[in-house]
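**Student:** coords-v3.csv is reproduced below (CSV, C-alpha atoms).
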```
chain,number,residue,atom,x,y,z
A,1346,MET,CA,-57.9,54.7,-35.3
A,1347,LYS,CA,-57.7,51.3,-37.1
A,1348,ARG,CA,-54.7,52.5,-39.1
A,1349,THR,CA,-52.9,53.6,-35.9
A,1350,LEU,CA,-53.6,50.1,-34.3
A,1351,MET,CA,-52.2,48.3,-37.4
A,1352,ILE,CA,-49.0,50.3,-37.3
A,1353,ALA,CA,-48.6,49.6,-33.6
A,1354,LEU,CA,-49.1,45.9,-34.1
A,1355,ALA,CA,-46.5,45.8,-37.0
A,1356,VAL,CA,-43.9,47.5,-34.7
A,1357,CYS,CA,-44.5,45.0,-31.9
A,1358,ALA,CA,-44.1,42.1,-34.4
A,1359,ALA,CA,-40.8,43.5,-35.7
A,1360,VAL,CA,-39.5,43.8,-32.1
A,1361,LEU,CA,-40.7,40.4,-30.9
A,1362,LEU,CA,-39.5,38.2,-33.8
A,1363,PRO,CA,-35.8,38.9,-33.5
A,1364,ALA,CA,-36.1,38.5,-29.7
A,1365,CYS,CA,-37.7,35.0,-30.2
A,1366,GLY,CA,-34.9,34.1,-32.6
A,1367,ARG,CA,-32.2,35.0,-30.1
A,1368,SER,CA,-34.0,33.1,-27.3
A,1369,ALA,CA,-34.1,29.9,-29.5
A,1370,LYS,CA,-30.5,30.2,-30.5
A,1371,GLN,CA,-29.4,30.7,-26.8
A,1372,ALA,CA,-31.4,27.7,-25.7
A,1373,GLN,CA,-29.9,25.6,-28.4
A,1374,SER,CA,-26.4,26.7,-27.4
A,1375,ALA,CA,-27.2,25.9,-23.8
A,1376,ALA,CA,-28.6,22.5,-24.7
A,1377,GLY,CA,-25.4,21.8,-26.7
A,1378,THR,CA,-23.3,22.8,-23.7
A,1379,VAL,CA,-25.2,20.4,-21.5
A,1380,THR,CA,-24.9,17.6,-24.0
A,1381,GLN,CA,-21.2,18.1,-24.3
A,1382,THR,CA,-20.7,18.1,-20.6
A,1383,GLU,CA,-22.7,14.9,-20.2
A,1384,THR,CA,-20.8,13.2,-23.0
A,1385,SER,CA,-17.5,14.3,-21.4
A,1386,ASN,CA,-18.6,12.9,-18.0
A,1387,GLU,CA,-19.5,9.6,-19.6
A,1388,THR,CA,-16.2,9.2,-21.5
A,1389,ALA,CA,-13.7,10.6,-19.0
A,1390,PRO,CA,-11.9,7.9,-17.0
A,1391,ALA,CA,-12.9,7.6,-13.3
A,1392,ALA,CA,-10.5,9.3,-10.9
A,1393,SER,CA,-8.2,6.9,-9.0
A,1394,THR,CA,-8.4,6.9,-5.3
A,1395,GLN,CA,-5.3,4.8,-4.9
A,1396,ALA,CA,-1.7,6.0,-4.8
A,1397,PRO,CA,0.7,4.7,-7.4
A,1398,GLY,CA,1.9,1.3,-6.5
A,1399,SER,CA,-0.8,0.7,-4.0
A,1400,THR,CA,-2.1,-2.4,-5.8
A,1401,ALA,CA,1.0,-4.3,-4.7
A,1402,GLU,CA,0.2,-7.1,-2.3
A,1403,PHE,CA,2.8,-6.1,0.3
A,1404,LYS,CA,3.5,-2.4,1.1
A,1405,ILE,CA,6.0,-0.6,3.2
A,1406,LEU,CA,5.7,2.4,5.5
A,1407,THR,CA,8.7,3.9,7.2
A,1408,GLY,CA,8.3,6.3,10.1
A,1409,LYS,CA,9.2,7.2,13.7
A,1410,VAL,CA,7.6,5.6,16.7
A,1411,THR,CA,5.9,8.2,19.0
A,1412,GLU,CA,4.0,6.0,21.4
A,1413,VAL,CA,3.8,2.3,22.4
A,1414,SER,CA,0.9,0.9,24.5
A,1415,ASP,CA,1.8,-0.7,27.9
A,1416,ASN,CA,1.1,-4.2,26.7
A,1417,MET,CA,2.9,-3.7,23.4
A,1418,GLY,CA,-0.4,-4.3,21.7
A,1419,SER,CA,-0.1,-1.2,19.5
A,1420,MET,CA,2.2,1.6,18.5
A,1421,THR,CA,1.8,5.0,17.0
A,1422,VAL,CA,4.0,5.9,14.1
A,1423,GLU,CA,4.6,9.3,12.6
A,1424,ASP,CA,5.1,9.6,8.9
A,1425,GLY,CA,5.6,13.2,7.9
A,1426,ASP,CA,2.6,15.1,9.2
A,1427,THR,CA,0.5,12.0,9.7
A,1428,LYS,CA,0.3,9.8,12.8
A,1429,ALA,CA,-1.2,6.3,12.6
A,1430,VAL,CA,-1.9,3.6,15.2
A,1431,PHE,CA,-0.9,0.1,14.2
A,1432,HIS,CA,-2.0,-3.0,16.1
A,1433,LEU,CA,0.7,-5.5,16.9
A,1434,ASP,CA,-1.3,-8.6,17.8
A,1435,ASN,CA,0.4,-11.7,16.3
A,1436,VAL,CA,2.9,-9.4,14.5
A,1437,VAL,CA,6.6,-10.3,14.3
A,1438,VAL,CA,8.8,-7.4,15.5
A,1439,GLU,CA,12.5,-7.8,14.5
A,1440,THR,CA,14.2,-4.6,15.5
A,1441,SER,CA,17.7,-3.9,16.8
A,1442,TYR,CA,16.2,-1.6,19.5
A,1443,ALA,CA,13.2,-1.9,21.7
A,1444,LEU,CA,10.1,-0.2,20.4
A,1445,GLU,CA,9.9,3.2,22.1
A,1446,PRO,CA,9.5,6.8,21.1
A,1447,ASP,CA,11.9,8.2,18.5
A,1448,VAL,CA,12.9,4.7,17.2
A,1449,LYS,CA,12.5,4.5,13.4
A,1450,VAL,CA,10.9,1.4,11.9
A,1451,SER,CA,9.8,0.0,8.6
A,1452,ILE,CA,6.3,-1.6,8.7
A,1453,ILE,CA,5.4,-4.2,6.1
A,1454,TYR,CA,1.7,-4.6,5.7
A,1455,LYS,CA,-1.1,-5.7,3.5
A,1456,GLY,CA,-4.3,-3.7,2.6
A,1457,GLU,CA,-4.7,0.0,2.6
A,1458,ILE,CA,-3.9,3.0,4.8
A,1459,SER,CA,-6.0,6.1,4.4
A,1460,GLY,CA,-4.4,9.1,6.1
A,1461,SER,CA,-4.2,8.0,9.8
A,1462,ASP,CA,-6.8,5.3,9.3
A,1463,THR,CA,-5.2,1.8,9.5
A,1464,THR,CA,-8.4,-0.2,9.9
A,1465,ASN,CA,-7.9,-1.9,6.5
A,1466,ALA,CA,-4.2,-2.5,7.0
A,1467,LYS,CA,-2.8,-5.8,8.3
A,1468,VAL,CA,0.8,-5.5,9.7
A,1469,ILE,CA,3.0,-8.4,8.7
A,1470,LEU,CA,6.4,-7.4,10.0
A,1471,VAL,CA,8.0,-4.5,12.0
A,1472,LEU,CA,11.7,-4.1,11.1
A,1473,ASP,CA,14.6,-1.7,11.5
A,1474,ALA,CA,13.9,1.4,9.4
A,1475,GLN,CA,15.2,1.2,5.8
A,1476,ASP,CA,15.0,4.3,3.6
A,1477,LYS,CA,15.2,2.4,0.4
A,1478,MET,CA,13.5,-0.9,1.4
A,1479,GLU,CA,11.7,-2.6,-1.4
A,1480,VAL,CA,9.7,-5.8,-1.9
A,1481,LYS,CA,11.7,-8.2,-4.0
A,1482,GLU,CA,11.2,-11.6,-5.6
A,1483,LEU,CA,13.6,-14.5,-6.2
A,1484,THR,CA,13.0,-17.8,-7.9
A,1485,GLY,CA,15.2,-20.8,-7.2
A,1486,THR,CA,15.5,-24.3,-5.6
A,1487,VAL,CA,15.5,-25.1,-1.9
A,1488,LYS,CA,19.1,-25.8,-1.0
A,1489,ASP,CA,18.8,-26.1,2.8
A,1490,GLN,CA,16.2,-25.7,5.5
A,1491,ALA,CA,16.3,-25.7,9.2
A,1492,MET,CA,13.9,-24.9,12.1
A,1493,SER,CA,14.0,-21.1,11.6
A,1494,THR,CA,15.8,-20.6,8.3
A,1495,PHE,CA,16.0,-21.8,4.7
A,1496,THR,CA,18.4,-21.3,1.8
A,1497,ILE,CA,17.5,-20.8,-1.9
A,1498,ASP,CA,19.9,-21.6,-4.7
A,1499,ALA,CA,19.2,-19.0,-7.4
A,1500,GLY,CA,21.7,-20.5,-9.9
A,1501,SER,CA,25.1,-19.3,-11.0
A,1502,GLY,CA,26.5,-20.1,-7.5
A,1503,LYS,CA,24.2,-17.6,-5.9
A,1504,GLU,CA,22.6,-18.8,-2.6
A,1505,ILE,CA,20.4,-16.6,-0.4
A,1506,GLY,CA,19.3,-17.4,3.2
A,1507,PHE,CA,16.0,-16.4,4.7
A,1508,ILE,CA,14.4,-16.2,8.1
A,1509,LYS,CA,11.1,-17.9,8.5
A,1510,ASP,CA,9.3,-15.4,10.7
A,1511,ASN,CA,5.6,-14.9,9.9
A,1512,CYS,CA,6.0,-16.0,6.2
A,1513,GLU,CA,2.9,-17.0,4.1
A,1514,GLY,CA,3.0,-20.4,2.4
A,1515,LEU,CA,5.4,-22.3,4.7
A,1516,GLU,CA,2.6,-24.1,6.4
A,1517,THR,CA,1.7,-25.8,3.1
A,1518,GLY,CA,5.0,-27.7,2.9
A,1519,VAL,CA,6.1,-25.7,-0.1
A,1520,LEU,CA,9.8,-26.1,0.8
A,1521,GLY,CA,9.5,-29.9,0.2
A,1522,ASN,CA,11.1,-32.8,2.0
A,1523,ALA,CA,14.9,-33.1,2.5
A,1524,THR,CA,16.6,-35.4,0.0
A,1525,ASP,CA,20.2,-35.1,1.3
A,1526,ASP,CA,22.3,-34.3,4.4
A,1527,SER,CA,22.0,-30.6,3.8
A,1528,ASN,CA,18.2,-30.8,4.1
A,1529,GLY,CA,17.8,-29.6,0.5
A,1530,SER,CA,14.7,-30.7,-1.3
A,1531,GLY,CA,15.3,-29.3,-4.8
A,1532,ALA,CA,11.8,-27.8,-4.8
A,1533,LEU,CA,11.4,-24.9,-7.2
A,1534,VAL,CA,9.9,-21.9,-5.4
A,1535,LYS,CA,9.4,-18.1,-5.7
A,1536,VAL,CA,10.1,-16.1,-2.6
A,1537,THR,CA,8.7,-12.6,-2.0
A,1538,TYR,CA,10.9,-10.8,0.6
A,1539,VAL,CA,12.5,-7.7,2.0
A,1540,THR,CA,16.1,-7.1,3.1
A,1541,VAL,CA,17.3,-5.3,6.2
A,1542,THR,CA,20.8,-3.9,6.3
A,1543,TYR,CA,22.1,-3.3,9.8
A,1544,ASP,CA,24.5,-0.6,11.1
A,1545,ALA,CA,27.4,-3.1,11.1
A,1546,GLY,CA,26.8,-3.8,7.4
A,1547,SER,CA,25.3,-7.3,7.8
A,1548,GLU,CA,22.0,-8.2,6.2
A,1549,SER,CA,18.9,-10.3,6.9
A,1550,ASN,CA,16.3,-11.4,4.4
A,1551,PHE,CA,12.7,-11.7,5.6
A,1552,PRO,CA,10.4,-13.7,3.4
A,1553,LEU,CA,6.8,-12.5,3.1
A,1554,LYS,CA,5.5,-15.3,0.9
A,1555,VAL,CA,6.8,-18.5,-0.5
A,1556,GLU,CA,5.0,-20.1,-3.5
A,1557,ALA,CA,5.6,-23.3,-5.5
A,1558,VAL,CA,6.7,-22.8,-9.1
A,1559,LYS,CA,5.3,-25.3,-11.6
```
Written as structure tokens, how would this file's structure read?

**Tutor:**
Amino acid sequence: MKRTLMIALAVCAAVLLPACGRSAKQAQSAAGTVTQTETSNETAPAASTQAPGSTAEFKILTGKVTEVSDNMGSMTVEDGDTKAVFHLDNVVVETSYALEPDVKVSIIYKGEISGSDTTNAKVILVLDAQDKMEVKELTGTVKDQAMSTFTIDAGSGKEIGFIKDNCEGLETGVLGNATDDSNGSGALVKVTYVTVTYDAGSESNFPLKVEAVK
């Protein structure tokens, strides 16, 4: 009886030991997997929630007007499959045609648009639609200035005129005081602007920001 019990115990031990060995190895492997995953999560760069180029100060959205409020306080613009409502309070609208359904516009704004949510977007200008409109910069001296326009001499005989509508920086006197009959001040400035090309081929430059260059 005792001999039979000893044999049975020996058989159990032989079965249990390999099983314990496999369990320990599997646990170690699983632990290693968790550690690698945690390390990967720590070292991987955070996913960006911003579209390429969205860090620019001024941004452009071009789309088709689908609705305008009765008091012209807002408009709905369709861009692809997305429709977004933009508030127009204190916004300069410089379009060849009245804002109404099917008119295409380019909206210059600051901030962010998330899908159809424009809560964090501030509209600066509404202009004629331009498929290839881009925000540009120019540095030069103030050649001339009037009530609603100013001209910059960029050197090499290149002079560019700008319209003053809704432009940041002008209230600081950045254009300087006139020193001659042409109202030029010679102040060195950097102008951030966009250009609209009309159907007849003429162009207008709309400054978004004017800064003094030291």

**Student:** Quote the spacing between atom CA of A:Asp1498 and atom CA of A:Val1558 in Å to one decimal place.

**Tutor:**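 Separation between atom CA of A:Asp1498 and atom CA of A:Val1558: 14.0 Å.
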
**Student:** If we count all atoms listed in the file and set the cut-off at 12 Å, which residues sit around A:Val1448, ignoring sequence neighbours fewer than 4 positions away in its own chain? Please answer as a PyMOL selection string.

**Tutor:** chain A and resi 1407-1413+1420-1423+1440-1444+1471-1474

**Student:** Which residue is closest to A:Asp1462? Choose from A:Lys1554, A:His1432, A:Lys1404, A:Lys1535 and count all atoms listed in the file.

**Tutor:**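 Using all atoms listed in the file, the shortest distance to A:Asp1462 belongs to A:His1432.
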
**Student:** Using all atoms listed in the file, can you tell me which of A:Leu1470, A:Leu1515, A:Met1492, A:Ile1405 comes closest to A:Leu1433?

**Tutor:**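 The answer is A:Leu1470, which sits nearest to A:Leu1433.
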
**Student:** Which polymer residues have any atom within 12 Å of an atom of A:Gly1514, counting all atoms listed in the file, with same-chain residues fewer than 6 positions away left out, as a PDB file with C-alpha atoms, in the coordinates of the input?

**Tutor:**
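To be explicit, this is the file written out as selection35.pdb:
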```pdb
ATOM      1  CA  LEU A1520       9.800 -26.100   0.800  1.00  0.00           C
ATOM      2  CA  GLY A1521       9.500 -29.900   0.200  1.00  0.00           C
ATOM      3  CA  VAL A1534       9.900 -21.900  -5.400  1.00  0.00           C
ATOM      4  CA  LYS A1535       9.400 -18.100  -5.700  1.00  0.00           C
ATOM      5  CA  VAL A1536      10.100 -16.100  -2.600  1.00  0.00           C
ATOM      6  CA  THR A1537       8.700 -12.600  -2.000  1.00  0.00           C
ATOM      7  CA  PRO A1552      10.400 -13.700   3.400  1.00  0.00           C
ATOM      8  CA  LEU A1553       6.800 -12.500   3.100  1.00  0.00           C
ATOM      9  CA  LYS A1554       5.500 -15.300   0.900  1.00  0.00           C
ATOM     10  CA  VAL A1555       6.800 -18.500  -0.500  1.00  0.00           C
ATOM     11  CA  GLU A1556       5.000 -20.100  -3.500  1.00  0.00           C
ATOM     12  CA  ALA A1557       5.600 -23.300  -5.500  1.00  0.00           C
TER      13      ALA A1557
END
```

**Student:** Nearest residue to A:Ala1466 out of A:Val1480, A:Ala1532, A:Ala1545, A:Ala1429, using all atoms listed in the file?

**Tutor:**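 Among the listed residues, the smallest separation from A:Ala1466 belongs to A:Ala1429.
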
**Student:** Using only C-alpha atoms, pick whichever of A:Asn1522, A:Lys1481, A:Ile1452, A:Leu1533 has the shortest atom-to-atom distance to A:Gly1500.

**Tutor:**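 The shortest atom-to-atom distance to A:Gly1500 comes from A:Leu1533.
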
**Student:** Applying 12 Å and only C-alpha atoms, which residues near A:Gly1460 remain after dropping the ones on its own chain fewer than 6 positions away? List them as a list in words.

**Tutor:**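 Once the adjacent positions are removed, what remains is Gln1395, Ala1396, Glu1423, Asp1424, Gly1425, Asp1426, Thr1427, Lys1428, Ala1429, Val1430 and Ala1466 of chain A.
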
**Student:** Determine, using only C-alpha atoms, which residues of stretch 1434-1490 of chain A have any atom at most 9 Å from an atom of stretch 1504-1513 of chain A, and tabulate each with its shortest atom pair and distance in Å to one decimal place, rows ordered by chain and then rising number, as a Markdown table.

**Tutor:**
```
| residue | atom | partner | partner_atom | distance |
| --- | --- | --- | --- | --- |
| A:Asn1435 | CA | A:Asn1511 | CA | 8.8 |
| A:Val1436 | CA | A:Asn1511 | CA | 7.7 |
| A:Val1437 | CA | A:Asn1511 | CA | 6.4 |
| A:Ile1469 | CA | A:Asn1511 | CA | 7.1 |
| A:Leu1470 | CA | A:Asn1511 | CA | 7.5 |
| A:Gly1485 | CA | A:Glu1504 | CA | 8.9 |
| A:Lys1488 | CA | A:Glu1504 | CA | 8.0 |
| A:Asp1489 | CA | A:Gly1506 | CA | 8.7 |
```

**Student:** So, counting all atoms listed in the file, which residue among A:Glu1445, A:Glu1516, A:Glu1479, A:Asp1544 is closest to A:Ala1401?

**Tutor:**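 So, comparing all the options, the nearest one is A:Glu1479.
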
**Student:** Have a look at atom CA of A:Glu1482 and atom CA of A:Ile1453 and let me know their distance in Å, one decimal.

**Tutor:**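 Between atom CA of A:Glu1482 and atom CA of A:Ile1453 the gap works out to 15.0 Å.
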
**Student:** Just how far from atom CA of A:Asn1528 is atom CA of A:Lys1503, in Å to one decimal?

**Tutor:**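 These atoms are spaced 17.6 Å apart.
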
**Student:** Restricting the calculation to only C-alpha atoms, which member of A:Gly1418, A:Thr1517, A:Gly1456, A:Met1478 is positioned closest to A:Val1438?

**Tutor:**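 Looking at the shortest contact to A:Val1438, the residue is A:Gly1418.
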
**Student:** Produce the centre coordinates and the three edge lengths, each in Å to one decimal, of the box along x, y and z that contains all listed atoms of stretch 1479-1482 of chain A with 8 Å added on each side, as JSON.

**Tutor:**
```
{"center_x": 10.7, "center_y": -7.1, "center_z": -3.5, "size_x": 18.0, "size_y": 25.0, "size_z": 20.2}
```
